[in-house]
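Have a look at the structure below before the remarks.
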Amino acid sequence: MSDEWIKVFESDFYVREMIKVWDEGEKWASWIDEVVNKFKLGKKILDVPCGVGRVAYFLAKRGYDVTGIDISERMIAMAKSNIQNGKFVVGDMRRLNEIVGNEKYDLVINIYNSLGYYTEEDDLKVLESLRNVTKKIVVINLDNRDYIIYNRPNEYYTFIPPYLVYSKVEFEQETSRLKIHRKYYMDNKEVGEISYAQRLYSIHEILALLKKAGLTPIEILSGYSWKKFSIMDPEMTIIATPS
Ligand SMILES: C[S@@+](CC[C@H](N)C(=O)[O-])C[C@H]1O[C@@H](n2cnc3c(N)ncnc32)[C@H](O)[C@@H]1O
């Protein structure tokens with residue numbers, strides 16, 4: 001993994017962003033419950049990457065047998081301390097079989113725009129890896145490139161406690177990567193910055209990659225809902241099964 005990303009994932013700034021969206025984990029867990037019921041799945045779920053465990057926490061509360069994997073030691077340490085009745089392991093989502101062996105899960109989730117960090121070949125490896133460890137269903141949730149290029153402001157401020165955050169965003173059309181530069185402020189003083197570039201996908205591109213990885217889409221939805229995805233929705237959620 002590139003140094004750029006290690007620095008980002010292990011930074012307090014990034015961790016705070018994940019904590020800020022903790023509550024949304026409950027909405028995800030409730031929707032995932034509906035997926036499990038709809039497809040008559042068992043209780044064994046793999047959440048990869050799991051981050052701080054914001055979705056795993058609410059899934060465990062609902063009685064699921066949850067395993068979470070993340071490349072960041074810091075994220076996994078937080079997930080372990082947040083969720084006592086789950087299993088959390090540091091590992092690379094491109095090589096899940098090396099971590100879980102021949103274990104298979106009823107449902108494997110890869111959510112909150114967790115592809116596009118490395119190359120397209122790496123994303124293919126991730127998708128193949130997700131396919132290899134599922135018994136039946138994989139859920140992928142990504143930001144929609146088409147929405148972002150038309151709607152994202154070039155610069156904006158947000159409050160990610162305890163930081164005021166200034167973001168400058170540029171879309172590089174040749175690579176389809178969103179280049180983000182963030183500066184963090186406390187008490188009007190700049191306390192740090194991070195930069196990264198993440199590949200974004202349009203729906204047809206991610207569907208082509210899923211096909212290559214041996215995954216067939218069953219439903220293409222908008223966020224954690226049952227609304228059919230349409231081209232200007234902010235997020236795309238694909239429910240897929242091994243081909
Ligand atoms: C945007 S967060 C999403 C986390 C979680 N899915 C959620 O919804 O909160 C992306 C996560 O991907 C993890 N990550 C990045 N590359 C990874 C890799 N190769 N293997 C496993 N985890 C990875 C990061 O450490 C980070 O926690």
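Ligands are numbered from 1 in the order shown, chains are lettered A, B, ... in the order of the structure tokens, and residues start at 1 in each chain.
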At a cut-off of 8 Å and counting only C-alpha atoms and all ligand atoms, what residues surround ligand 1? Please answer as a VMD selection string. chain A and resid 1 5 to 6 9 to 10 15 18 21 to 22 25 47 to 55 69 to 72 75 90 to 94 109 to 115 117 126
Can you tell me which residues surround Ile220 of chain A at a distance of at most 12 Å, considering only C-alpha atoms, apart from same-chain residues fewer than 6 positions away, and format the answer as a ChimeraX atom specification? /A:139-142,203-204,206-207,226-231,233,235-240
Nearest to Phe39 of chain A by atom-to-atom distance, counting only C-alpha atoms, from A:Met78, A:Ile149, A:Val66, A:Leu107: A:Leu107
Give me, as a PyMOL selection string, all polymer residues having an atom no more than 12 Å from Glu34 of chain A, counting only C-alpha atoms and skipping those fewer than 4 positions away in the same chain. chain A and resi 27-30+38-41+59+62+224-226
List as a PyMOL selection string the protein and nucleic acid residues near segment 163-175 of chain A, meaning an atom at most 9 Å away when only C-alpha atoms are counted, but skip any in the same chain fewer than 6 places from it. chain A and resi 13+16+148-149+152-157+181-188+191+199-200
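Of the listed residues (A:Thr158, A:Lys136, A:Asn102, A:Ala79), A:Lys136 comes nearest to Val36 of chain A; the distances count only C-alpha atoms.
Atom CA of Leu127 of chain A to atom CA of Pro217 of chain A spans 12.4 Å [interatomic distance, one decimal].
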Distance atom CA of Val8 of chain A-atom CA of Ser202 of chain A, one decimal place? 24.3 Å
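For the set A:Glu4, A:Lys212, A:Ala56, A:Met232, the residue with the smallest atom-to-atom gap to Glu24 of chain A is A:Ala56, counting only C-alpha atoms.
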